[in-house]
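Student: Supplied structure: data23.txt, compact mmCIF, C-alpha atoms.
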```txt
# COMPACT_ATOMS: atom_id res chain seq x y z
CA MET A 1 42.93 63.93 -4.86
CA ARG A 2 44.18 61.07 -2.66
CA LEU A 3 41.27 58.91 -3.82
CA LEU A 4 42.14 59.50 -7.47
CA VAL A 5 45.81 58.63 -6.88
CA ALA A 6 44.79 55.48 -4.99
CA ALA A 7 42.45 54.43 -7.83
CA ILE A 8 45.17 54.95 -10.45
CA ALA A 9 47.67 53.00 -8.34
CA ALA A 10 45.14 50.17 -7.95
CA ILE A 11 44.61 50.11 -11.72
CA LEU A 12 48.36 49.85 -12.28
CA VAL A 13 48.68 47.05 -9.72
CA GLY A 14 45.69 45.24 -11.21
CA SER A 15 47.22 45.43 -14.67
CA LEU A 16 50.41 43.64 -13.60
CA PRO A 17 50.70 40.37 -15.55
CA THR A 18 51.10 38.13 -12.51
CA LYS A 19 50.94 34.93 -14.54
CA ARG A 20 53.90 36.05 -16.58
CA LEU A 21 55.73 37.44 -13.56
CA THR A 22 55.43 34.20 -11.59
CA GLY A 23 56.62 32.14 -14.52
CA ALA A 24 53.40 30.18 -15.03
CA ALA A 25 53.15 31.26 -18.66
CA VAL A 26 56.76 30.30 -19.36
CA LEU A 27 56.85 27.04 -17.43
CA GLY A 28 53.27 26.00 -18.14
CA ALA A 29 52.55 22.42 -17.15
CA ALA A 30 56.24 21.69 -16.64
CA ALA A 31 56.07 23.04 -13.10
CA PRO A 32 53.08 21.89 -11.06
CA TRP A 33 53.45 24.82 -8.68
CA ALA A 34 53.31 27.48 -11.41
CA SER A 35 49.53 27.89 -11.59
CA GLY A 36 49.28 27.92 -7.80
CA ALA A 37 51.96 30.59 -7.61
CA ALA A 38 50.07 32.70 -10.15
CA ALA A 39 46.81 32.33 -8.18
CA LEU A 40 48.57 33.26 -4.93
CA ALA A 41 50.13 36.30 -6.63
CA ASP A 42 46.65 37.34 -7.82
CA VAL A 43 45.23 37.04 -4.29
CA LEU A 44 48.14 39.09 -2.92
CA LYS A 45 47.69 41.65 -5.68
CA GLY A 46 44.07 42.23 -4.69
CA PHE A 47 44.82 42.22 -0.97
CA LEU A 48 47.70 44.69 -1.19
CA ALA A 49 45.79 47.04 -3.48
CA VAL A 50 43.13 47.47 -0.81
CA ALA A 51 45.17 47.08 2.38
CA VAL A 52 48.15 49.23 1.39
CA ILE A 53 47.05 51.56 -1.40
CA ALA A 54 43.49 52.37 -0.32
CA GLY A 55 44.11 53.09 3.30
CA PRO A 56 41.23 53.53 5.73
CA GLY A 57 37.79 54.55 4.65
CA PRO A 58 35.00 52.68 2.91
CA TRP A 59 35.01 54.80 -0.25
CA ALA A 60 38.73 54.33 -0.86
CA GLN A 61 38.53 50.59 -0.20
CA THR A 62 35.53 50.13 -2.49
CA ILE A 63 37.06 52.12 -5.32
CA CYS A 64 40.46 50.42 -5.03
CA ALA A 65 38.90 46.94 -4.84
CA THR A 66 36.78 47.63 -7.91
CA ALA A 67 39.72 49.21 -9.76
CA VAL A 68 42.14 46.35 -9.11
CA VAL A 69 39.59 43.72 -10.22
CA ALA A 70 38.59 45.67 -13.33
CA ALA A 71 42.24 46.26 -14.25
CA HIS A 72 42.96 42.57 -13.82
CA GLN A 73 40.05 41.66 -16.07
CA TRP A 74 40.91 44.30 -18.69
CA PRO A 75 44.63 45.05 -18.17
CA LEU A 76 46.24 48.21 -19.50
CA PHE A 77 49.32 46.36 -20.67
CA GLY A 78 50.10 42.76 -21.45
CA SER A 79 48.41 40.26 -23.70
CA GLU A 80 46.31 38.56 -21.03
CA ARG A 81 42.63 39.09 -21.84
CA GLY A 82 39.47 37.47 -20.59
CA LEU A 83 40.67 36.88 -17.04
CA ARG A 84 37.90 36.19 -14.52
CA GLY A 85 39.48 37.97 -11.58
CA THR A 86 38.14 35.67 -8.86
CA ALA A 87 41.49 35.38 -7.05
CA VAL A 88 42.07 39.14 -7.19
CA ALA A 89 38.52 39.80 -5.97
CA LEU A 90 38.97 37.30 -3.15
CA GLY A 91 42.14 39.08 -2.01
CA ALA A 92 40.59 42.54 -2.30
CA LEU A 93 37.41 41.61 -0.44
CA THR A 94 39.42 39.83 2.27
CA ALA A 95 41.29 43.07 2.86
CA VAL A 96 37.94 44.84 3.25
CA THR A 97 36.55 42.23 5.66
CA PRO A 98 38.21 38.90 6.56
CA ILE A 99 34.87 37.06 6.64
CA ALA A 100 34.53 37.47 2.85
CA ALA A 101 36.86 34.57 1.96
CA PRO A 102 35.14 31.87 4.03
CA LEU A 103 31.68 33.06 2.98
CA TRP A 104 32.64 33.06 -0.69
CA GLY A 105 34.19 29.60 -0.28
CA VAL A 106 30.98 28.22 1.21
CA PHE A 107 28.83 29.60 -1.59
CA TRP A 108 31.29 28.46 -4.26
CA GLY A 109 31.21 24.98 -2.74
CA LEU A 110 27.42 24.91 -2.63
CA GLY A 111 27.15 25.99 -6.26
CA PHE A 112 29.77 23.51 -7.39
CA VAL A 113 28.37 20.56 -5.44
CA ALA A 114 24.80 21.30 -6.50
CA SER A 115 25.62 21.60 -10.21
CA GLY A 116 28.96 19.90 -10.81
CA TYR A 117 30.15 22.94 -12.79
CA PRO A 118 32.92 25.16 -11.39
CA ALA A 119 31.42 28.17 -13.22
CA ALA A 120 28.16 27.73 -11.28
CA GLY A 121 30.19 27.75 -8.08
CA PHE A 122 31.94 30.98 -9.05
CA VAL A 123 28.66 32.67 -9.98
CA GLY A 124 26.96 31.38 -6.84
CA GLY A 125 29.76 32.81 -4.72
CA ALA A 126 29.67 36.16 -6.50
CA VAL A 127 25.88 36.49 -6.30
CA MET A 128 25.44 35.38 -2.72
CA LEU A 129 28.49 37.07 -1.16
CA PRO A 130 27.00 40.59 -0.89
CA VAL A 131 23.80 39.21 0.64
CA ALA A 132 25.72 37.09 3.15
CA LEU A 133 28.03 39.99 4.00
CA GLY A 134 24.98 42.12 4.62
CA PHE A 135 23.71 39.72 7.25
CA VAL A 136 27.08 38.85 8.80
CA ALA A 137 29.19 42.02 8.57
CA GLY A 138 26.55 44.69 7.96
CA TRP A 139 24.92 46.19 4.91
CA PRO A 140 27.65 48.78 4.30
CA MET A 141 30.05 45.85 3.73
CA ALA A 142 27.56 44.33 1.31
CA LEU A 143 27.40 47.56 -0.64
CA MET A 144 31.21 47.70 -0.71
CA ALA A 145 31.38 44.18 -2.19
CA LEU A 146 28.63 44.75 -4.75
CA PRO A 147 30.70 46.39 -7.54
CA VAL A 148 33.40 43.71 -7.33
CA CYS A 149 30.84 40.91 -7.42
CA ALA A 150 29.09 42.57 -10.38
CA LEU A 151 32.39 42.59 -12.28
CA LEU A 152 32.86 38.89 -11.51
CA CYS A 153 29.36 38.04 -12.73
CA GLU A 154 29.96 39.96 -15.94
CA ARG A 155 33.15 37.99 -16.63
CA LEU A 156 31.50 34.68 -15.73
CA ARG A 157 28.62 35.03 -18.20
CA GLN A 158 30.30 33.03 -20.95
CA PRO A 159 31.53 30.12 -18.77
CA LEU A 160 28.06 29.92 -17.21
CA ARG A 161 26.43 29.86 -20.67
CA GLU A 162 28.71 26.99 -21.67
CA ALA A 163 27.83 25.11 -18.48
CA LEU A 164 24.10 25.62 -19.02
CA ALA A 165 24.42 24.45 -22.63
CA GLY A 166 26.28 21.32 -21.48
CA ARG A 167 29.53 22.20 -23.28
CA ALA A 168 31.60 22.72 -20.12
CA ALA A 169 33.42 20.00 -18.22
CA LYS A 170 31.25 18.69 -15.42
CA HIS A 171 32.34 16.90 -12.29
CA HIS A 172 30.36 13.71 -11.80
CA TRP A 173 30.01 12.56 -8.23
CA ARG A 174 30.40 8.87 -7.52
CA GLY A 175 28.86 7.15 -4.55
CA GLY A 176 30.44 4.39 -2.51
CA ALA A 177 33.97 5.74 -2.63
```
As structure tokens, please, write out the structure in this file.
Tutor:
Amino acid sequence: MRLLVAAIAAILVGSLPTKRLTGAAVLGAAAPWASGAAALADVLKGFLAVAVIAGPGPWAQTICATAVVAAHQWPLFGSERGLRGTAVALGALTAVTPIAAPLWGVFWGLGFVASGYPAAGFVGGAVMLPVALGFVAGWPMALMALPVCALLCERLRQPLREALAGRAAKHHWRGGA
């Protein structure tokens, strides 16, 4: 029963419209800090859903991490649709194991530098994180991260298709700078 209550609470937390709550939607480009505040609120939302709501235990942490990311991607209320959930996933997986954030950052950086597309970096981080967690933190941690990373990959299909088709903005590296 406690697991069901924790999952429902994580879904409610994940459905919170953090962009609207932080004022990023209202202020838009007028405030340069608004998008950063929304991203930080998303990270905190994922972290708190696992650290506070889930409590100890791998099953509770896995279910709450998956629920908060899924609810952020497909919220129960609000008009925000199509959200990737990378910041929420980063916060949730950091609550599960602190090594997740630096590992994901390394793989995001490798994917971005190798391709020039941010979407490739996000997919690279989501695909490689469970494997890296398996070697660094143990295979149970990798299995805990797998559902969250699968949700991220599902949401990143369209941006990755656009990058592969050449329709996405690409960062071009310049030498001699």
Student: With distances taken over only C-alpha atoms, which of A:Val127, A:Ile99, A:Ala34, A:Ile53 is nearest to A:Gly111?
Tutor: A:Val127
Student: Interatomic distance between atom CA of A:Lys45 and atom CA of A:Pro130?
Tutor: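 Value for the atom CA of A:Lys45-atom CA of A:Pro130 distance: 21.3 Å.
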Student: So how far away is atom CA of A:Ala60 from atom CA of A:Phe122, in Å?
Tutor: 25.7 Å
Student: Is there a way to get, as a list in words, all residues within 10 Å of the point (30.9, 35.4, -12.8) in file coordinates, counting only C-alpha atoms?
Tutor: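 With a cut-off of 10 Å, the residues come to Arg84, Gly85, Thr86, Ala119, Ala120, Gly121, Phe122, Val123, Gly124, Gly125, Ala126, Val127, Cys149, Ala150, Leu151, Leu152, Cys153, Glu154, Arg155, Leu156, Arg157, Gln158, Pro159 and Leu160 of chain A.
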Student: Could you state the separation of atom CA of A:Thr22 and atom CA of A:Thr66 in Å, given to one decimal place?
Tutor: 23.3 Å
Student: Nearest residue to A:Ala41 out of A:Ala70, A:Ile8, A:Leu110, A:Ala87, using only C-alpha atoms?
Tutor: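 Among A:Ala70, A:Ile8, A:Leu110, A:Ala87, it is A:Ala87 that comes nearest to A:Ala41.
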Student: May I have the residues within 10 Å of A:Trp74 as a PDB file with C-alpha atoms, in the frame of the given file, using only C-alpha atoms and disregarding those fewer than 6 positions away in the same chain?
Tutor:
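Okay, part.pdb is ready:
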```pdb
ATOM      1  CA  ILE A  11      44.610  50.110 -11.720  1.00  0.00           C
ATOM      2  CA  GLY A  14      45.690  45.240 -11.210  1.00  0.00           C
ATOM      3  CA  SER A  15      47.220  45.430 -14.670  1.00  0.00           C
ATOM      4  CA  VAL A  68      42.140  46.350  -9.110  1.00  0.00           C
ATOM      5  CA  GLU A  80      46.310  38.560 -21.030  1.00  0.00           C
ATOM      6  CA  ARG A  81      42.630  39.090 -21.840  1.00  0.00           C
ATOM      7  CA  GLY A  82      39.470  37.470 -20.590  1.00  0.00           C
ATOM      8  CA  LEU A  83      40.670  36.880 -17.040  1.00  0.00           C
ATOM      9  CA  ARG A  84      37.900  36.190 -14.520  1.00  0.00           C
ATOM     10  CA  GLY A  85      39.480  37.970 -11.580  1.00  0.00           C
TER      11      GLY A  85
END
```
Student: Using all atoms listed in the file, pick whichever of A:Ala169, A:Leu76, A:Gly116, A:Ala100 has the shortest atom-to-atom distance to A:Gly138.
Tutor: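 Ranking A:Ala169, A:Leu76, A:Gly116, A:Ala100 by distance to A:Gly138, first place goes to A:Ala100.
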Student: Residues near A:Val52, anyone? I mean within 10 Å using all atoms listed in the file, not counting same-chain ones fewer than 4 positions away, as an NGL selection string.
Tutor: :A and (6 or 10 or 47-48 or 56 or 61 or 95)
Student: Could you dump the residues just selected with C-alpha atoms as a tab-separated table (two decimals), in the frame of the given file?
Tutor:
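For reference, again06.tsv as written:
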```
chain	number	residue	atom	x	y	z
A	6	ALA	CA	44.79	55.48	-4.99
A	10	ALA	CA	45.14	50.17	-7.95
A	47	PHE	CA	44.82	42.22	-0.97
A	48	LEU	CA	47.70	44.69	-1.19
A	56	PRO	CA	41.23	53.53	5.73
A	61	GLN	CA	38.53	50.59	-0.20
A	95	ALA	CA	41.29	43.07	2.86
```
Student: In terms of the shortest atom-to-atom distance over all atoms listed in the file, which of A:Leu93, A:Leu12, A:Ala168, A:Val106 is closest to A:Leu146?
Tutor: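 Once distances to A:Leu146 are computed over all atoms listed in the file, the minimum belongs to A:Leu93.
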Student: Taking 3 positions as the minimum chain separation for residues in the same chain, which residues sit within 8 Å of A:Ala54 when counting only C-alpha atoms? Answer as a ChimeraX atom specification.
Tutor: /A:3,6-7,49-51,57,60-61,64
Student: Can you sort out the box for stretch 140-155 of chain A, edges along x, y and z, all listed atoms in, 6 Å on every side, with centre and edge lengths in Å to one decimal, as JSON?
Tutor:
```
{"center_x": 30.4, "center_y": 43.4, "center_z": -6.2, "size_x": 18.0, "size_y": 22.8, "size_z": 32.9}
```
Student: May I ask which of the residues A:Phe77, A:Val88, A:Leu44, A:Ala132 is the closest one to A:Leu103, counting all atoms listed in the file?
Tutor: A:Ala132
Student: Can you work out which one of A:Val136, A:Ala145, A:Pro75, A:Ala114 has the shortest atom-to-atom distance to A:Thr94, counting only C-alpha atoms?
Tutor: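 Distance minimum relative to A:Thr94 lands on A:Ala145.
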